[in-house]
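Enquirer: Structure below; questions to follow.
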Amino acid sequence: MRKLVWNLALVGVLFSSAAQAGVTEQQVVEQYANIGHAVYSDALTTAKNLQQKIDALVAQPSVATLQQARDAWKQARVPYQQSEVFRFGNPVVDEWEGQLNAWPLDEGLIDYVDASHYHHEMGNEGATANIIANTSLKIGAETLDLRNLTPELLASLNELGGSEANVATGYHAIEFLLWGQDLNGSGPGAGNRPYTDYVPGKGCTGGNCERRAAYLKAAAALLVSDLAFMEQQWSATGKDNYRAQLLAQKPESAMTRMLFGMGSLALGELAGERMKVALEANSPEDEHDCFSDNTHYSHFYNAKGIENIYLGTYQRIDGTLVKGPALADLVAAKSAQTDAAVKTRFTSAMAALQKMVDTAETAQPPLKFDQMIGENNTQGQAIVRDAIAQLVALTRQIEAAAKVIGIDNLSPDTADHTF
């Protein structure tokens, strides 16, 4: 994973791009769609790479191939987390997103767990189903045939029995299958699944290694196909896709979706569901990337995705910078002071999340997010609280920017949190 260091020259260029002459609302919406296509294209590319590494792991399980698959999973999170700003306000994304990124999950649905460290949703019939160990499953009066672990079967098992904790697919199901449970609580260390969980025959640990491999391959195949669908929804070559529908709207409506997505991800989802909930409960179970201890990066890239939309920029995985007409241009044309205030808030928020990353990656000793939220970790809790506060302040400034360009009823989703 590359270290996150700000390129100050680039930041200066982006932040000094005061209103470009002649920038229209329609151009800003088109650039939003361009970023959507670029980020989903990168998510698809990295998911295909992850699939290849998973195939290599299954074909020849070893310490090296397991580590390569884990590295590919982390790399795949970089563009995907930046795509989540498109989720709120765009129904085609929000209705699709759960199959890829639902969490937290009751991992006993999928595979073996250490019962002494397993806290699952009360009353969840699927919490100990262990699909990998069983070829059939009885839920209520229905008996499900689990013999053939296909992508279609796995997708049908999401929210089994009506429980949102039953997550059978997506990044976090794959994460669990690569890392296993994190049994360390708020102490150091991530999951430590052995590569031998994928060794067929006598060397198999954990039992059912062939079925575990089949499950992992099916989950990866579904991830790729899901991302291929979404990449097409934002493609400029599609005639009847979501991009075409978005660009056919009045620009004011599309910009409301843009700003609503920014505010809702910053406030209700990132500050609320992904940080506040875990912090107040001191609960590693509520950590976003809880098996891999990759949460600090996921939070950073969520915020980076919000910033991308305001600035009209996105740095692709090959280093290419996608840049064009931006909300920042429209706001600056109406109020240079408001635009400057938004950019200042972005600087503060990204610095707070950069501190979270640095603390997790380079501090001595490093503190991962699950350690930061530990009950007695005042240093770590302060870092998380500051990030929450900065995101709340950023959201308020996004609302102010929306008003400047004529959007008075933004009301970002709070996810029922108060700040």
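By convention in this document, the chains of the structure tokens carry letters A, B, ... by their order, each chain's residues are numbered from 1, and ligands are numbered from 1 in the order they are shown.
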When you look at A:Tyr171 with a cut-off of 8 Å (counting only C-alpha atoms), what residues show up, excluding the ones that are within fewer than 3 positions of it in the same chain? I need them as a ChimeraX atom specification.
Expert: /A:73,100-101,174-175,223
Enquirer: I'd like the contact shell of stretch 38-47 of chain A - 8 Å cut-off, only C-alpha atoms, skipping same-chain residues fewer than 2 positions apart - returned as a list of chain:residue names.
Expert: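 Close residues of stretch 38-47 of chain A: A:Asn34, A:Ile35, A:Gly36, A:Asn49, A:Leu50, A:Gln51, A:Ala72, A:Trp73, A:Gln75, A:Ala76, A:Arg77, A:Val78, A:Pro79, A:Tyr80, A:Gln82, A:Ser83, A:Ala220, A:Leu223, A:Val224, A:Leu227, A:Ala228, A:Met230, A:Glu231, A:Tyr314, A:Arg316, A:Ile317, A:Val322.
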Enquirer: A:Glu25, A:Asp71, A:Glu84, A:Asp286: which is nearest A:Tyr301, counting only C-alpha atoms?
Expert: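 Checking each candidate against A:Tyr301, we get A:Glu84 as the closest.
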Enquirer: Name the residues in contact with stretch 113-119 of chain A at a cut-off of 10 Å, using only C-alpha atoms, excluding same-chain residues fewer than 6 positions from it; report them as a ChimeraX atom specification.
Expert: /A:106-107,127-128,130,180-185,206,285
Enquirer: Store the residues of this selection in a file with C-alpha atoms, as a compact mmCIF listing (two decimals), in the first residue's frame.
Expert:
# COMPACT_ATOMS: atom_id res chain seq x y z
CA ASP A 106 -21.86 -12.44 11.09
CA GLU A 107 -18.96 -14.42 9.69
CA ALA A 127 -25.17 -16.74 12.37
CA THR A 128 -23.73 -20.25 12.76
CA ASN A 130 -21.20 -22.29 8.20
CA GLY A 180 -10.11 -14.99 9.11
CA GLN A 181 -11.39 -13.64 12.39
CA ASP A 182 -9.44 -10.93 14.16
CA LEU A 183 -9.20 -12.49 17.63
CA ASN A 184 -7.19 -9.64 19.14
CA GLY A 185 -10.00 -7.37 20.27
CA GLY A 206 -10.09 -25.73 9.14
CA GLU A 285 -16.90 -5.68 15.80
Enquirer: In Å, how far is it from atom CA of A:Leu105 to atom CA of A:Asn166?
Expert: 6.0 Å
Enquirer: Running DSSP on the backbone, which parts of stretch 201-403 of chain A land in strand (DSSP E or B), as an NGL selection string?
Expert: :A and (313-315 or 321-323)
Enquirer: Might you pull out every residue within 7 Å of stretch 142-150 of chain A, with only C-alpha atoms counted and same-chain residues fewer than 6 positions away left off, and present them as a PyMOL selection string?
Expert: chain A and resi 135-136+214-215+218
Enquirer: Print the selection's residues with all heavy atoms to a file, as a PDB file, in the first residue's frame.
Expert:
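See result-v6.pdb below for the written result:
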ATOM      1  N   THR A 135     -23.661 -28.674   3.119  1.00  0.00           N
ATOM      2  CA  THR A 135     -24.204 -28.698   1.761  1.00  0.00           C
ATOM      3  C   THR A 135     -25.705 -28.430   1.729  1.00  0.00           C
ATOM      4  O   THR A 135     -26.306 -28.407   0.657  1.00  0.00           O
ATOM      5  CB  THR A 135     -23.915 -30.041   1.083  1.00  0.00           C
ATOM      6  OG1 THR A 135     -24.447 -31.105   1.894  1.00  0.00           O
ATOM      7  CG2 THR A 135     -22.412 -30.233   0.902  1.00  0.00           C
ATOM      8  N   SER A 136     -26.309 -28.242   2.896  1.00  0.00           N
ATOM      9  CA  SER A 136     -27.709 -27.836   2.963  1.00  0.00           C
ATOM     10  C   SER A 136     -27.901 -27.010   4.226  1.00  0.00           C
ATOM     11  O   SER A 136     -27.095 -27.079   5.163  1.00  0.00           O
ATOM     12  CB  SER A 136     -28.652 -29.044   2.971  1.00  0.00           C
ATOM     13  OG  SER A 136     -28.472 -29.808   4.143  1.00  0.00           O
ATOM     14  N   ALA A 214     -13.798 -22.879  -3.392  1.00  0.00           N
ATOM     15  CA  ALA A 214     -14.898 -22.638  -4.327  1.00  0.00           C
ATOM     16  C   ALA A 214     -15.698 -21.410  -3.918  1.00  0.00           C
ATOM     17  O   ALA A 214     -16.120 -20.608  -4.774  1.00  0.00           O
ATOM     18  CB  ALA A 214     -15.807 -23.866  -4.378  1.00  0.00           C
ATOM     19  N   TYR A 215     -15.920 -21.251  -2.631  1.00  0.00           N
ATOM     20  CA  TYR A 215     -16.644 -20.073  -2.135  1.00  0.00           C
ATOM     21  C   TYR A 215     -15.872 -18.801  -2.463  1.00  0.00           C
ATOM     22  O   TYR A 215     -16.438 -17.825  -2.982  1.00  0.00           O
ATOM     23  CB  TYR A 215     -16.855 -20.200  -0.619  1.00  0.00           C
ATOM     24  CG  TYR A 215     -17.851 -19.229  -0.044  1.00  0.00           C
ATOM     25  CD1 TYR A 215     -19.009 -19.684   0.573  1.00  0.00           C
ATOM     26  CD2 TYR A 215     -17.649 -17.847  -0.088  1.00  0.00           C
ATOM     27  CE1 TYR A 215     -19.937 -18.794   1.111  1.00  0.00           C
ATOM     28  CE2 TYR A 215     -18.562 -16.958   0.447  1.00  0.00           C
ATOM     29  CZ  TYR A 215     -19.710 -17.438   1.051  1.00  0.00           C
ATOM     30  OH  TYR A 215     -20.619 -16.556   1.582  1.00  0.00           O
ATOM     31  N   ALA A 218     -16.043 -17.989  -6.153  1.00  0.00           N
ATOM     32  CA  ALA A 218     -17.377 -17.525  -6.541  1.00  0.00           C
ATOM     33  C   ALA A 218     -17.609 -16.094  -6.076  1.00  0.00           C
ATOM     34  O   ALA A 218     -18.187 -15.270  -6.808  1.00  0.00           O
ATOM     35  CB  ALA A 218     -18.442 -18.455  -5.967  1.00  0.00           C
TER      36      ALA A 218
END
Enquirer: Which one of A:Leu327, A:Ala102, A:Leu321, A:Ala64 sits closest to A:Ala254 if you count only C-alpha atoms?
Expert: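 Ranking A:Leu327, A:Ala102, A:Leu321, A:Ala64 by distance to A:Ala254, first place goes to A:Leu327.
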Enquirer: Residues near A:Asp408, anyone? I mean within 12 Å using only C-alpha atoms, not counting same-chain ones fewer than 5 positions away, as a PyMOL selection string.
Expert: chain A and resi 252+255-256+259-260+398-403
Enquirer: Which residues come within 8 Å of stretch 52-55 of chain A, counting only C-alpha atoms, excluding same-chain residues fewer than 2 positions away, as a ChimeraX atom specification?
Expert: /A:48-50,57-59,65-66,68-69,72,216-217,220
Enquirer: Considering only C-alpha atoms, can you say which of A:Val331, A:Ala190, A:Val167, A:Ala219 comes closest to A:Pro284?
Expert: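 Answer, going by the shortest atom-to-atom distance: A:Ala190.
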Enquirer: Within stretch 327-390 of chain A, find each residue whose DSSP state, derived from the backbone, is helix (DSSP H, G or I), and express the selection as JSON, numbers by chain.
Expert: {"A": [327, 328, 329, 330, 331, 332, 333, 334, 336, 337, 338, 339, 340, 341, 342, 343, 344, 345, 346, 347, 348, 349, 350, 351, 352, 353, 354, 355, 356, 357, 358, 359, 360, 361, 369, 370, 371, 372, 378, 379, 380, 381, 382, 383, 384, 385, 386, 387, 388, 389, 390]}
Enquirer: So that I can see what lies close to A:Val63, please list as a PyMOL selection string the residues with an atom at most 12 Å from it, counting only C-alpha atoms and leaving out residues fewer than 2 positions away in the same chain.
Expert: chain A and resi 56-58+60-61+65-70+178+192-199
Enquirer: May I ask which of the residues A:Val92, A:Met356, A:Glu287, A:Thr414 is the closest one to A:Asp386, counting only C-alpha atoms?
Expert: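 Closest candidate: A:Met356.
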Enquirer: Rounded to one decimal in Å, what is the spacing between atom CA of A:Ala168 and atom CA of A:Ala281?
Expert: 25.1 Å
Enquirer: Can you work out which one of A:Pro104, A:Gly203, A:Gly324, A:Pro91 has the shortest atom-to-atom distance to A:Gly261, counting only C-alpha atoms?
Expert: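 Of A:Pro104, A:Gly203, A:Gly324, A:Pro91, the one nearest A:Gly261, counting only C-alpha atoms, is A:Pro91.
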